[in-house]
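Peer 1: My structure is stored as data-v7.pdb, with PDB, C-alpha atoms and all ligand atoms.
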ATOM      1  CA  MET A  14      -0.494   9.107   7.597
ATOM      2  CA  ASP A  15      -2.535   6.070   6.518
ATOM      3  CA  ALA A  16      -1.618   2.748   4.942
ATOM      4  CA  ILE A  17      -3.881   1.413   2.200
ATOM      5  CA  VAL A  18      -3.714  -2.188   1.017
ATOM      6  CA  ALA A  19      -5.710  -5.120  -0.340
ATOM      7  CA  VAL A  20      -5.215  -8.376   1.572
ATOM      8  CA  TYR A  21      -6.360 -11.940   1.020
ATOM      9  CA  ASP A  22      -7.717 -13.998   3.927
ATOM     10  CA  ASP A  23      -4.188 -14.981   5.049
ATOM     11  CA  TRP A  24      -3.038 -11.340   4.761
ATOM     12  CA  GLY A  25      -1.058 -12.159   1.611
ATOM     13  CA  ILE A  26      -0.700  -9.127  -0.667
ATOM     14  CA  GLY A  27       1.483 -10.127  -3.607
ATOM     15  CA  CYS A  28       3.404 -12.757  -5.511
ATOM     16  CA  GLU A  29       6.389 -12.395  -7.830
ATOM     17  CA  GLY A  30       6.082  -8.627  -7.940
ATOM     18  CA  ASP A  31       2.365  -8.433  -8.643
ATOM     19  CA  GLN A  32      -1.084  -8.832  -7.108
ATOM     20  CA  PRO A  33      -2.286 -12.300  -8.163
ATOM     21  CA  ILE A  34      -5.976 -11.411  -7.775
ATOM     22  CA  ALA A  35      -6.931  -7.761  -8.194
ATOM     23  CA  LEU A  36     -10.562  -6.658  -8.065
ATOM     24  CA  SER A  37     -11.666  -3.764 -10.229
ATOM     25  CA  ALA A  38     -13.900  -2.617  -7.347
ATOM     26  CA  ASP A  39     -10.767  -2.304  -5.216
ATOM     27  CA  ARG A  40      -8.830  -0.470  -7.928
ATOM     28  CA  LYS A  41     -11.700   2.039  -8.242
ATOM     29  CA  PHE A  42     -11.922   2.427  -4.468
ATOM     30  CA  PHE A  43      -8.145   2.992  -4.278
ATOM     31  CA  ARG A  44      -8.236   5.662  -7.009
ATOM     32  CA  ARG A  45     -11.165   7.458  -5.377
ATOM     33  CA  TYR A  46      -9.837   7.224  -1.830
ATOM     34  CA  THR A  47      -6.299   8.390  -2.626
ATOM     35  CA  ALA A  48      -7.193  11.072  -5.226
ATOM     36  CA  GLY A  49      -5.335  14.315  -4.566
ATOM     37  CA  SER A  50      -3.103  12.771  -1.904
ATOM     38  CA  THR A  51       0.589  12.069  -1.522
ATOM     39  CA  VAL A  52       1.522   8.412  -1.946
ATOM     40  CA  ILE A  53       4.672   6.721  -0.641
ATOM     41  CA  VAL A  54       5.669   3.598  -2.532
ATOM     42  CA  GLY A  55       8.556   1.138  -2.635
ATOM     43  CA  ARG A  56      10.707   0.943  -5.737
ATOM     44  CA  LYS A  57       9.714  -2.691  -6.407
ATOM     45  CA  THR A  58       5.996  -1.861  -6.400
ATOM     46  CA  VAL A  59       6.675   0.944  -8.899
ATOM     47  CA  GLY A  60       7.925  -1.863 -11.160
ATOM     48  CA  SER A  61       4.332  -3.154 -11.325
ATOM     49  CA  PHE A  62       2.882   0.240 -12.356
ATOM     50  CA  PRO A  63       2.046   0.465 -16.070
ATOM     51  CA  GLY A  64       5.120   1.995 -17.759
ATOM     52  CA  GLN A  65       6.568   2.576 -14.268
ATOM     53  CA  ALA A  66       4.669   5.876 -14.454
ATOM     54  CA  PRO A  67       3.619   7.770 -11.323
ATOM     55  CA  LEU A  68      -0.011   7.562 -10.230
ATOM     56  CA  PRO A  69      -1.831  10.483 -11.822
ATOM     57  CA  LYS A  70      -3.299  13.349  -9.757
ATOM     58  CA  ARG A  71      -1.161  12.412  -6.758
ATOM     59  CA  ARG A  72       2.231  13.425  -5.424
ATOM     60  CA  ASN A  73       4.389  10.302  -5.788
ATOM     61  CA  ILE A  74       7.301   9.613  -3.432
ATOM     62  CA  VAL A  75       9.379   6.491  -4.138
ATOM     63  CA  LEU A  76      11.522   4.827  -1.485
ATOM     64  CA  THR A  77      14.847   3.570  -2.816
ATOM     65  CA  ARG A  78      18.419   3.268  -1.646
ATOM     66  CA  GLN A  79      19.624   3.610  -5.219
ATOM     67  CA  ASP A  80      20.668   6.767  -7.033
ATOM     68  CA  ILE A  81      18.107   6.290  -9.782
ATOM     69  CA  ASP A  82      15.872   8.732 -11.615
ATOM     70  CA  LEU A  83      12.239   7.713 -11.923
ATOM     71  CA  PRO A  84      10.473  10.469 -13.880
ATOM     72  CA  GLY A  85       7.473  11.865 -12.030
ATOM     73  CA  PHE A  86       8.619  10.497  -8.666
ATOM     74  CA  GLU A  87      10.372  12.298  -5.841
ATOM     75  CA  ARG A  88      12.979  10.060  -4.253
ATOM     76  CA  ALA A  89      13.331   9.337  -0.525
ATOM     77  CA  SER A  90      16.176   7.241   0.853
ATOM     78  CA  SER A  91      14.516   6.258   4.144
ATOM     79  CA  PRO A  92      11.013   6.028   5.638
ATOM     80  CA  GLU A  93      11.893   8.946   7.920
ATOM     81  CA  GLU A  94      12.914  11.099   4.953
ATOM     82  CA  ALA A  95       9.690  10.180   3.110
ATOM     83  CA  ALA A  96       7.616  11.119   6.171
ATOM     84  CA  ALA A  97       9.486  14.429   6.558
ATOM     85  CA  MET A  98       8.985  15.289   2.873
ATOM     86  CA  CYS A  99       5.205  15.122   3.232
ATOM     87  CA  ALA A 100       4.875  16.457   6.771
ATOM     88  CA  GLY A 101       2.805  19.417   5.520
ATOM     89  CA  ASP A 102       0.583  17.412   3.176
ATOM     90  CA  GLU A 103      -3.052  16.952   4.086
ATOM     91  CA  LYS A 104      -3.544  13.356   2.959
ATOM     92  CA  VAL A 105      -0.664  10.869   2.850
ATOM     93  CA  PHE A 106      -0.933   7.173   2.047
ATOM     94  CA  VAL A 107       1.644   4.428   2.294
ATOM     95  CA  ILE A 108       0.748   2.217  -0.679
ATOM     96  CA  GLY A 109       3.251  -0.640  -0.364
ATOM     97  CA  GLY A 110       4.704  -3.024  -0.961
ATOM     98  CA  GLY A 111       5.529  -5.468   1.793
ATOM     99  CA  THR A 112       8.810  -4.028   3.058
ATOM    100  CA  VAL A 113       7.511  -0.465   2.970
ATOM    101  CA  TYR A 114       4.303  -1.342   4.821
ATOM    102  CA  ARG A 115       6.267  -3.153   7.527
ATOM    103  CA  GLN A 116       8.629  -0.227   8.071
ATOM    104  CA  MET A 117       6.054   2.552   7.838
ATOM    105  CA  LEU A 118       3.086   1.038   9.677
ATOM    106  CA  PRO A 119       4.500   2.324  12.990
ATOM    107  CA  LEU A 120       4.165   5.861  11.532
ATOM    108  CA  CYS A 121       0.532   5.324  10.452
ATOM    109  CA  ASP A 122      -2.599   6.165  12.453
ATOM    110  CA  ARG A 123      -5.008   4.247  10.246
ATOM    111  CA  ALA A 124      -4.914   1.360   7.821
ATOM    112  CA  ILE A 125      -7.470   1.158   5.034
ATOM    113  CA  ILE A 126      -7.747  -2.542   4.274
ATOM    114  CA  THR A 127      -9.655  -4.108   1.425
ATOM    115  CA  LYS A 128     -10.300  -7.662   2.541
ATOM    116  CA  VAL A 129     -10.498  -9.862  -0.539
ATOM    117  CA  HIS A 130     -12.084 -13.005   0.825
ATOM    118  CA  THR A 131     -10.070 -15.688  -0.909
ATOM    119  CA  THR A 132      -6.569 -17.119  -0.679
ATOM    120  CA  THR A 133      -3.916 -17.557  -3.344
ATOM    121  CA  ALA A 134      -0.187 -18.279  -3.329
ATOM    122  CA  CYS A 135       1.706 -15.214  -2.054
ATOM    123  CA  ASP A 136       5.316 -14.364  -1.216
ATOM    124  CA  THR A 137       4.559 -10.969   0.355
ATOM    125  CA  TYR A 138       2.372 -10.315   3.404
ATOM    126  CA  PHE A 139       0.875  -7.433   5.374
ATOM    127  CA  PRO A 140       0.967  -7.714   9.192
ATOM    128  CA  ASN A 141      -2.218  -9.385  10.450
ATOM    129  CA  LEU A 142      -3.960  -6.491  12.201
ATOM    130  CA  ASP A 143      -6.699  -8.775  13.575
ATOM    131  CA  GLU A 144      -3.990 -10.423  15.687
ATOM    132  CA  SER A 145      -2.297  -7.185  16.676
ATOM    133  CA  PRO A 146      -3.097  -5.725  20.101
ATOM    134  CA  GLN A 147      -2.185  -2.278  18.721
ATOM    135  CA  TRP A 148      -4.917  -2.111  16.076
ATOM    136  CA  GLU A 149      -8.703  -2.375  16.042
ATOM    137  CA  LEU A 150     -11.358  -2.466  13.373
ATOM    138  CA  ALA A 151     -13.228   0.856  13.447
ATOM    139  CA  GLU A 152     -15.634   0.675  10.505
ATOM    140  CA  THR A 153     -16.490  -0.971   7.226
ATOM    141  CA  LEU A 154     -16.853   1.536   4.397
ATOM    142  CA  GLU A 155     -18.075  -0.677   1.561
ATOM    143  CA  SER A 156     -18.666  -4.304   0.767
ATOM    144  CA  GLY A 157     -19.681  -6.358  -2.236
ATOM    145  CA  GLU A 158     -18.840  -9.318  -4.407
ATOM    146  CA  GLU A 159     -16.911  -9.547  -7.679
ATOM    147  CA  ASN A 160     -16.471 -12.721  -9.742
ATOM    148  CA  GLY A 161     -17.858 -14.649  -6.788
ATOM    149  CA  ILE A 162     -15.278 -13.181  -4.384
ATOM    150  CA  PRO A 163     -16.702 -11.205  -1.452
ATOM    151  CA  TYR A 164     -14.790  -8.098  -0.404
ATOM    152  CA  GLU A 165     -15.030  -5.324   2.148
ATOM    153  CA  MET A 166     -13.172  -2.069   2.677
ATOM    154  CA  CYS A 167     -12.303  -1.724   6.360
ATOM    155  CA  VAL A 168     -10.774   1.039   8.442
ATOM    156  CA  TYR A 169      -8.413  -0.058  11.217
ATOM    157  CA  VAL A 170      -7.211   2.486  13.747
ATOM    158  CA  LYS A 171      -4.266   2.399  16.084
ATOM    159  CA  LYS A 172      -5.433   2.071  19.705
TER     160      LYS A 172
HETATM  161  N1  LIG Q 201      -2.118  -5.897  -2.235
HETATM  162  C1  LIG Q 201      -1.725  -4.637  -2.241
HETATM  163  O1  LIG Q 201      -2.497  -3.727  -1.903
HETATM  164  C2  LIG Q 201      -0.328  -4.294  -2.652
HETATM  165  C3  LIG Q 201       0.099  -2.964  -2.664
HETATM  166  C4  LIG Q 201       1.411  -2.686  -3.048
HETATM  167  C5  LIG Q 201       2.256  -3.722  -3.388
HETATM  168  N2  LIG Q 201       1.818  -4.984  -3.354
HETATM  169  C6  LIG Q 201       2.714  -6.111  -3.709
HETATM  170  O2  LIG Q 201       3.864  -6.061  -2.885
HETATM  171  C7  LIG Q 201       4.938  -6.684  -3.593
HETATM  172  C8  LIG Q 201       6.146  -5.768  -3.563
HETATM  173  O3  LIG Q 201       6.581  -5.609  -2.222
HETATM  174  P1  LIG Q 201       8.126  -5.766  -1.838
HETATM  175  O4  LIG Q 201       8.197  -5.863  -0.357
HETATM  176  O5  LIG Q 201       8.732  -6.863  -2.649
HETATM  177  O6  LIG Q 201       8.792  -4.436  -2.397
HETATM  178  P2  LIG Q 201       8.462  -2.869  -2.100
HETATM  179  O7  LIG Q 201       8.210  -2.693  -0.640
HETATM  180  O8  LIG Q 201       7.458  -2.379  -3.057
HETATM  181  O9  LIG Q 201       9.837  -2.193  -2.529
HETATM  182  C9  LIG Q 201      11.027  -2.566  -1.893
HETATM  183  C10 LIG Q 201      12.084  -1.553  -2.267
HETATM  184  O10 LIG Q 201      11.812  -0.305  -1.632
HETATM  185  C11 LIG Q 201      13.037   0.310  -1.279
HETATM  186  N3  LIG Q 201      13.119   0.392   0.177
HETATM  187  C12 LIG Q 201      12.570  -0.420   1.105
HETATM  188  N4  LIG Q 201      12.908  -0.030   2.340
HETATM  189  C13 LIG Q 201      13.700   1.051   2.194
HETATM  190  C14 LIG Q 201      14.376   1.905   3.112
HETATM  191  N5  LIG Q 201      14.300   1.710   4.452
HETATM  192  N6  LIG Q 201      15.104   2.917   2.626
HETATM  193  C15 LIG Q 201      15.176   3.126   1.297
HETATM  194  N7  LIG Q 201      14.556   2.369   0.370
HETATM  195  C16 LIG Q 201      13.834   1.341   0.824
HETATM  196  C17 LIG Q 201      14.148  -0.577  -1.828
HETATM  197  O11 LIG Q 201      14.375  -0.135  -3.167
HETATM  198  P3  LIG Q 201      15.816  -0.293  -3.888
HETATM  199  O12 LIG Q 201      15.990  -1.768  -4.086
HETATM  200  O13 LIG Q 201      15.668   0.482  -5.160
HETATM  201  O14 LIG Q 201      16.829   0.300  -2.947
HETATM  202  C18 LIG Q 201      13.485  -1.945  -1.819
HETATM  203  O15 LIG Q 201      14.088  -2.878  -2.691
HETATM  204  C19 LIG Q 201       4.436  -6.938  -4.999
HETATM  205  O16 LIG Q 201       4.019  -8.296  -5.115
HETATM  206  C20 LIG Q 201       3.242  -6.012  -5.121
HETATM  207  O17 LIG Q 201       2.286  -6.454  -6.066
HETATM  208  C21 LIG Q 201       0.553  -5.304  -3.000
END
Can you dump the structure from the file as structure tokens?
Peer 2:
Amino acid sequence: MDAIVAVYDDWGIGCEGDQPIALSADRKFFRRYTAGSTVIVGRKTVGSFPGQAPLPKRRNIVLTRQDIDLPGFERASSPEEAAAMCAGDEKVFVIGGGTVYRQMLPLCDRAIITKVHTTTACDTYFPNLDESPQWELAETLESGEENGIPYEMCVYVKK
């Protein structure tokens, strides 16, 4: 299982339920990289999806403690249940948000991190893997610049 996320320089990932600065290069990378996979997502992040619709061409599992019906999503009531539901799936990505990353990172072998080299006010953060003794940078897949903001897609692996 992998986590995939876009972080600013201070490892901020969101503010008031949304991503304050989102690069189209990152959105395209995310779509390409996660195509055909199973994604695990927190209920609050689903609130930022257009029409609260599931991501197309992917199996969508939503984490919630509530007895709610989100059409197109399978519901899991704990990280362990979500992991068990997709145990046989070939590609599984934890796609946020903050609380779900924090709880599920211990179950992940890799983290695919788009580093968006800027800072902006955030209220939600991803753990800083550069300061974690458990993780190391393995490779950089892509890099570029959009609207004057440099970015790079990095693969971190658990040591
Ligand atoms: N930069 C990025 O790549 C990226 C990616 C994704 C999200 N984000 C940002 O992250 C922010 C949202 O993150 P967030 O931390 O506020 O919310 P979140 O993690 O998306 O969702 C939290 C919700 O998930 C459910 N949940 C969490 N832990 C659970 C557990 N152990 N068992 C069952 N359900 C559980 C609960 O839903 P219920 O309340 O329904 O019980 C909880 O309220 C937004 O700003 C979003 O834009 C950024």
Peer 1: Could you tell me, as a compact mmCIF listing (two decimals) with C-alpha atoms, keeping the file's coordinate frame, exactly which residues end up selected when the PyMOL selection byres (((not hetatm)) within 9 of (chain Q and resi 201)) is applied to this structure?
Peer 2:
# COMPACT_ATOMS: atom_id res chain seq x y z
CA ILE A 17 -3.88 1.41 2.20
CA VAL A 18 -3.71 -2.19 1.02
CA ALA A 19 -5.71 -5.12 -0.34
CA VAL A 20 -5.22 -8.38 1.57
CA TYR A 21 -6.36 -11.94 1.02
CA TRP A 24 -3.04 -11.34 4.76
CA GLY A 25 -1.06 -12.16 1.61
CA ILE A 26 -0.70 -9.13 -0.67
CA GLY A 27 1.48 -10.13 -3.61
CA CYS A 28 3.40 -12.76 -5.51
CA GLU A 29 6.39 -12.40 -7.83
CA GLY A 30 6.08 -8.63 -7.94
CA ASP A 31 2.37 -8.43 -8.64
CA GLN A 32 -1.08 -8.83 -7.11
CA PRO A 33 -2.29 -12.30 -8.16
CA ILE A 34 -5.98 -11.41 -7.78
CA ALA A 35 -6.93 -7.76 -8.19
CA VAL A 54 5.67 3.60 -2.53
CA GLY A 55 8.56 1.14 -2.64
CA ARG A 56 10.71 0.94 -5.74
CA LYS A 57 9.71 -2.69 -6.41
CA THR A 58 6.00 -1.86 -6.40
CA VAL A 59 6.68 0.94 -8.90
CA GLY A 60 7.92 -1.86 -11.16
CA SER A 61 4.33 -3.15 -11.32
CA VAL A 75 9.38 6.49 -4.14
CA LEU A 76 11.52 4.83 -1.48
CA THR A 77 14.85 3.57 -2.82
CA ARG A 78 18.42 3.27 -1.65
CA GLN A 79 19.62 3.61 -5.22
CA ASP A 80 20.67 6.77 -7.03
CA ILE A 81 18.11 6.29 -9.78
CA ALA A 89 13.33 9.34 -0.52
CA SER A 90 16.18 7.24 0.85
CA SER A 91 14.52 6.26 4.14
CA PRO A 92 11.01 6.03 5.64
CA GLU A 93 11.89 8.95 7.92
CA GLU A 94 12.91 11.10 4.95
CA VAL A 107 1.64 4.43 2.29
CA ILE A 108 0.75 2.22 -0.68
CA GLY A 109 3.25 -0.64 -0.36
CA GLY A 110 4.70 -3.02 -0.96
CA GLY A 111 5.53 -5.47 1.79
CA THR A 112 8.81 -4.03 3.06
CA VAL A 113 7.51 -0.46 2.97
CA TYR A 114 4.30 -1.34 4.82
CA ARG A 115 6.27 -3.15 7.53
CA GLN A 116 8.63 -0.23 8.07
CA MET A 117 6.05 2.55 7.84
CA ILE A 126 -7.75 -2.54 4.27
CA THR A 127 -9.65 -4.11 1.42
CA CYS A 135 1.71 -15.21 -2.05
CA ASP A 136 5.32 -14.36 -1.22
CA THR A 137 4.56 -10.97 0.36
CA TYR A 138 2.37 -10.32 3.40
CA PHE A 139 0.88 -7.43 5.37
Peer 1: Which residues, written as a list of chain:residue names, have at least one atom at most 7 Å from Lys172 (chain A), with only C-alpha atoms counted and residues fewer than 4 positions away on the same chain left out?
Peer 2: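 The residues that qualify are A:Gln147, A:Trp148, A:Glu149.
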Peer 1: Pull C-alpha atoms from the residues just selected and write them as a PDB file, in the coordinates of the input.
Peer 2:
ATOM      1  CA  GLN A 147      -2.185  -2.278  18.721  1.00  0.00           C
ATOM      2  CA  TRP A 148      -4.917  -2.111  16.076  1.00  0.00           C
ATOM      3  CA  GLU A 149      -8.703  -2.375  16.042  1.00  0.00           C
TER       4      GLU A 149
END
Peer 1: I need the output of the PyMOL selection byres (((chain A and resi 49) around 8) and not hetatm) for this file as a PyMOL selection string; which residues are they?
Peer 2: chain A and resi 47-48+50-51+70-72+104
Peer 1: Write to file, as a short mmCIF file (atom, residue, chain, number, x, y, z; two decimals), in the coordinates of the input, the residues of the selection just made, with C-alpha atoms.
Peer 2:
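Written file, again.cif:
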data_model
loop_
_atom_site.label_atom_id
_atom_site.label_comp_id
_atom_site.auth_asym_id
_atom_site.auth_seq_id
_atom_site.Cartn_x
_atom_site.Cartn_y
_atom_site.Cartn_z
CA THR A 47 -6.30 8.39 -2.63
CA ALA A 48 -7.19 11.07 -5.23
CA SER A 50 -3.10 12.77 -1.90
CA THR A 51 0.59 12.07 -1.52
CA LYS A 70 -3.30 13.35 -9.76
CA ARG A 71 -1.16 12.41 -6.76
CA ARG A 72 2.23 13.42 -5.42
CA LYS A 104 -3.54 13.36 2.96
#
Peer 1: As an exercise, work out the distance from CA of Arg44 (chain A) to CA of Leu154 (chain A) in Å and give it to one decimal place.
Peer 2: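 According to the coordinates, CA of Arg44 (chain A) and CA of Leu154 (chain A) are separated by 14.9 Å.
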Peer 1: As an exercise, work out the distance from CA of Thr131 (chain A) to CA of Met14 (chain A) in Å and give it to one decimal place.
Peer 2: 27.9 Å
Peer 1: Identify all residues satisfying the PyMOL selection byres (((chain A and resi 164) around 6) and not hetatm) in the given file; provide them as a count of residues only.
Peer 2: 8
Peer 1: I'd like to know which of A:Leu36, A:Ile74, A:Val105, A:Ile125 is closest to Leu150 (chain A), using all atoms listed in the file.
Peer 2: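 Closest residue, counting all atoms listed in the file: A:Ile125.
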Peer 1: Go ahead and compute the interatomic distance for CA of Phe62 (chain A) and CA of Phe86 (chain A), in Å to one decimal.
Peer 2: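 Straight-line distance from CA of Phe62 (chain A) to CA of Phe86 (chain A) works out to 12.3 Å.
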Peer 1: Counting only C-alpha atoms, which residue out of A:Ala124, A:Asp102, A:Asp82, A:Gln65 sits closest to Asn141 (chain A)?
Peer 2: A:Ala124
Peer 1: Give the answer as one residue: which of A:Glu87, A:Val52, A:Leu68, A:Ala38 has the shortest atom-to-atom distance to Met166 (chain A), using all atoms listed in the file?
Peer 2: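 Residue with the minimum atom-to-atom distance to Met166 (chain A): A:Ala38.
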Peer 1: For Arg88 (chain A), which of A:Ala66, A:Cys167, A:Ile53, A:Ala100 is the closest residue, counting all atoms listed in the file?
Peer 2: A:Ile53
Peer 1: Some atoms are absent from region 126-158 of chain A, so rebuild N, CA and C atoms and return them as an mmCIF file, in the coordinates of the input.
Peer 2:
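Output contents, as saved in out_25.cif:
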data_model
loop_
_atom_site.group_PDB
_atom_site.id
_atom_site.type_symbol
_atom_site.label_atom_id
_atom_site.label_comp_id
_atom_site.auth_asym_id
_atom_site.auth_seq_id
_atom_site.Cartn_x
_atom_site.Cartn_y
_atom_site.Cartn_z
ATOM 1 N N ILE A 126 -8.017 -1.175 4.719
ATOM 2 C CA ILE A 126 -7.747 -2.542 4.274
ATOM 3 C C ILE A 126 -8.915 -3.056 3.450
ATOM 4 N N THR A 127 -8.652 -3.376 2.186
ATOM 5 C CA THR A 127 -9.655 -4.108 1.425
ATOM 6 C C THR A 127 -9.426 -5.584 1.692
ATOM 7 N N LYS A 128 -10.409 -6.224 2.296
ATOM 8 C CA LYS A 128 -10.300 -7.662 2.541
ATOM 9 C C LYS A 128 -10.920 -8.384 1.350
ATOM 10 N N VAL A 129 -10.073 -9.093 0.627
ATOM 11 C CA VAL A 129 -10.498 -9.862 -0.539
ATOM 12 C C VAL A 129 -10.625 -11.298 -0.031
ATOM 13 N N HIS A 130 -11.869 -11.758 0.090
ATOM 14 C CA HIS A 130 -12.084 -13.005 0.825
ATOM 15 C C HIS A 130 -11.840 -14.246 -0.024
ATOM 16 N N THR A 131 -10.538 -14.485 -0.245
ATOM 17 C CA THR A 131 -10.070 -15.688 -0.909
ATOM 18 C C THR A 131 -8.613 -15.859 -0.513
ATOM 19 N N THR A 132 -8.023 -16.970 -0.885
ATOM 20 C CA THR A 132 -6.569 -17.119 -0.679
ATOM 21 C C THR A 132 -5.945 -17.561 -1.990
ATOM 22 N N THR A 133 -4.681 -17.192 -2.154
ATOM 23 C CA THR A 133 -3.916 -17.557 -3.344
ATOM 24 C C THR A 133 -2.446 -17.542 -2.937
ATOM 25 N N ALA A 134 -1.610 -18.219 -3.706
ATOM 26 C CA ALA A 134 -0.187 -18.279 -3.329
ATOM 27 C C ALA A 134 0.418 -16.877 -3.314
ATOM 28 N N CYS A 135 1.076 -16.535 -2.202
ATOM 29 C CA CYS A 135 1.706 -15.214 -2.054
ATOM 30 C C CYS A 135 3.123 -15.373 -1.517
ATOM 31 N N ASP A 136 3.973 -14.404 -1.820
ATOM 32 C CA ASP A 136 5.316 -14.364 -1.216
ATOM 33 C C ASP A 136 5.523 -13.083 -0.412
ATOM 34 N N THR A 137 4.471 -12.253 -0.346
ATOM 35 C CA THR A 137 4.559 -10.969 0.355
ATOM 36 C C THR A 137 3.297 -10.810 1.203
ATOM 37 N N TYR A 138 3.487 -10.367 2.446
ATOM 38 C CA TYR A 138 2.372 -10.315 3.404
ATOM 39 C C TYR A 138 2.320 -8.970 4.112
ATOM 40 N N PHE A 139 1.106 -8.599 4.518
ATOM 41 C CA PHE A 139 0.875 -7.433 5.374
ATOM 42 C C PHE A 139 0.732 -7.974 6.803
ATOM 43 N N PRO A 140 1.168 -7.230 7.820
ATOM 44 C CA PRO A 140 0.967 -7.714 9.192
ATOM 45 C C PRO A 140 -0.521 -7.945 9.465
ATOM 46 N N ASN A 141 -0.824 -9.051 10.143
ATOM 47 C CA ASN A 141 -2.218 -9.385 10.450
ATOM 48 C C ASN A 141 -2.721 -8.476 11.575
ATOM 49 N N LEU A 142 -3.513 -7.470 11.198
ATOM 50 C CA LEU A 142 -3.960 -6.491 12.201
ATOM 51 C C LEU A 142 -5.019 -7.073 13.131
ATOM 52 N N ASP A 143 -5.713 -8.145 12.682
ATOM 53 C CA ASP A 143 -6.699 -8.775 13.575
ATOM 54 C C ASP A 143 -6.008 -9.445 14.755
ATOM 55 N N GLU A 144 -4.734 -9.774 14.595
ATOM 56 C CA GLU A 144 -3.990 -10.423 15.687
ATOM 57 C C GLU A 144 -3.094 -9.443 16.427
ATOM 58 N N SER A 145 -3.165 -8.162 16.042
ATOM 59 C CA SER A 145 -2.297 -7.185 16.676
ATOM 60 C C SER A 145 -3.033 -6.469 17.804
ATOM 61 N N PRO A 146 -2.445 -6.443 18.994
ATOM 62 C CA PRO A 146 -3.097 -5.725 20.101
ATOM 63 C C PRO A 146 -3.099 -4.213 19.895
ATOM 64 N N GLN A 147 -2.296 -3.735 18.930
ATOM 65 C CA GLN A 147 -2.185 -2.278 18.721
ATOM 66 C C GLN A 147 -3.279 -1.708 17.822
ATOM 67 N N TRP A 148 -3.976 -2.579 17.083
ATOM 68 C CA TRP A 148 -4.917 -2.111 16.076
ATOM 69 C C TRP A 148 -6.303 -2.650 16.347
ATOM 70 N N GLU A 149 -7.336 -1.864 15.957
ATOM 71 C CA GLU A 149 -8.703 -2.375 16.042
ATOM 72 C C GLU A 149 -9.508 -1.925 14.838
ATOM 73 N N LEU A 150 -10.467 -2.768 14.488
ATOM 74 C CA LEU A 150 -11.358 -2.466 13.373
ATOM 75 C C LEU A 150 -12.321 -1.372 13.805
ATOM 76 N N ALA A 151 -12.359 -0.260 13.054
ATOM 77 C CA ALA A 151 -13.228 0.856 13.447
ATOM 78 C C ALA A 151 -14.514 0.877 12.641
ATOM 79 N N GLU A 152 -14.413 0.659 11.326
ATOM 80 C CA GLU A 152 -15.634 0.675 10.505
ATOM 81 C C GLU A 152 -15.414 -0.018 9.178
ATOM 82 N N THR A 153 -16.526 -0.402 8.575
ATOM 83 C CA THR A 153 -16.490 -0.971 7.226
ATOM 84 C C THR A 153 -17.136 0.044 6.295
ATOM 85 N N LEU A 154 -16.383 0.457 5.270
ATOM 86 C CA LEU A 154 -16.853 1.536 4.397
ATOM 87 C C LEU A 154 -17.737 1.019 3.266
ATOM 88 N N GLU A 155 -17.362 -0.124 2.716
ATOM 89 C CA GLU A 155 -18.075 -0.677 1.561
ATOM 90 C C GLU A 155 -17.933 -2.182 1.607
ATOM 91 N N SER A 156 -18.855 -2.868 0.952
ATOM 92 C CA SER A 156 -18.666 -4.304 0.767
ATOM 93 C C SER A 156 -19.396 -4.720 -0.494
ATOM 94 N N GLY A 157 -19.047 -5.888 -1.014
ATOM 95 C CA GLY A 157 -19.681 -6.358 -2.236
ATOM 96 C C GLY A 157 -19.096 -7.695 -2.636
ATOM 97 N N GLU A 158 -19.356 -8.051 -3.889
ATOM 98 C CA GLU A 158 -18.840 -9.318 -4.407
ATOM 99 C C GLU A 158 -18.475 -9.119 -5.860
#
